[in-house]
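One structure below.
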Amino acid sequence: MNFLEERIVKDGIVKPGNVLKVDSFLNHQMDVALLDEIGREFKRRFADKKITKVLTIEASGIAIAYPVAREFGVPLVFAKKSKSINIEGEMYVAEVESFTHKNKNKVIVSKRFLGPDDHLLIIDDFLANGCALQGLITIAESAGATVEGLGIAIEKGFQIGGRVIRNFGYRLESLAIVDAMDVETGEITFRAQD
């Protein structure tokens, strides 16, 4: 069991509807030492790749992606879920559906921040159905950027997202893959990884 799986067992809460609450340490209250460890682990896993930028989606993805970008010494770009008055110029746009929030959002990235010379590592906190990752991949492809890999803190292995992304041929690394959750007992089963 790795460091993130241990923390999920210790502090994660299984809720009805295939929900795994990790808000006490990952996506509401954040354990910054754990986030630093996540950054180091993704750097280790993708050390063989030329990464020029880390790409994520607001809001929860930012906390996970920040230490990764710091480890690689590259900028972090995050897709915004709505256009605000301070975003100027042309934008890349993709529609994503949120498993957690049960809604669709258009996400945007200014064309000033992504281009064909970029080699991207896409990072997010959760992978369920893969819609957010597919939206970020669409933005990367629109920019002509190269997707070098995708890193996920927690993948719900019993949902289709990981399979879909891997079937597209992308290198996907998940720090913890949950294969089953029992809402009655709170037990979480993780997929064995190398």
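So you can find residues: chains in the structure tokens are A, B, ... in the order shown, residues in each start at 1, and ligands are numbered from 1 in order.
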May I have a table of the residues of stretch 72-153 of chain A lying at most 12 Å from stretch 33-38 of chain A, giving each one's closest pair of atoms and their distance in Å to one decimal, counting only C-alpha atoms, ordered by chain and ascending residue number, as JSON lines?
```
{"residue": "A:Ile123", "atom": "CA", "partner": "A:Ile38", "partner_atom": "CA", "distance": 10.8}
{"residue": "A:Asp124", "atom": "CA", "partner": "A:Ile38", "partner_atom": "CA", "distance": 11.4}
{"residue": "A:Asp125", "atom": "CA", "partner": "A:Ile38", "partner_atom": "CA", "distance": 10.5}
{"residue": "A:Gly151", "atom": "CA", "partner": "A:Ile38", "partner_atom": "CA", "distance": 10.0}
{"residue": "A:Ile152", "atom": "CA", "partner": "A:Ile38", "partner_atom": "CA", "distance": 9.8}
{"residue": "A:Ala153", "atom": "CA", "partner": "A:Ile38", "partner_atom": "CA", "distance": 7.7}
```
Report task. Mind listing the alpha helix (DSSP H) residues of chain A, per DSSP on the backbone, as a PyMOL selection string? Result -> chain A and resi 3-11+32-45+60-72+131-143+161-167
Query - Non-local contacts of stretch 71-83 of chain A (9 Å; only C-alpha atoms; under 2 positions in same chain excluded) as an MDAnalysis selection string - result: chainID A and resid 36 39:40 42:43 47 51:59 61:62 65:69 85:87 93 105:110 113:114 136 139
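Atom CA of A:Lys156 sits 13.5 Å away from atom CA of A:Gly12.
For stretch 126-131 of chain A, the non-local neighbours within 6 Å, defined as residues at least 6 positions apart in the same chain or in other chains and counting only C-alpha atoms, are Val96, Glu97, Ile154, Glu155, Lys156, Gln159, Ile160 and Gly161 of chain A.
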Requested in this report: Taking the DSSP assignment computed from this structure's backbone, write out as a ChimeraX atom specification all residues of chain A that belong to strand (DSSP E).
Outcome: /A:13-15,19-21,53-57,76-79,91-98,103-110,119-127,146-156,172-181,188-190
Query raised in the report: Which residues, written as a PyMOL selection string, have at least one atom at most 8 Å from stretch 189-194 of chain A, with only C-alpha atoms counted and residues fewer than 3 positions away on the same chain left out?
Result: chain A and resi 5+157+176-181
Query raised in the report: What does the distance from atom CA of A:Glu148 to atom CA of A:Ile122 come to in Å, to one decimal?
Result: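 Here the two named atoms are 8.2 Å from each other.
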Query raised in the report: What separation in Å, quoted to one decimal, exists between atom CA of A:Asp31 and atom CA of A:Val14?
Result: 19.3 Å
Query - Neighbour list for A:Thr146 as a PyMOL selection string, cut-off 9 Å, only C-alpha atoms, skip fewer than 6 positions in-chain - result: chain A and resi 116-121+140
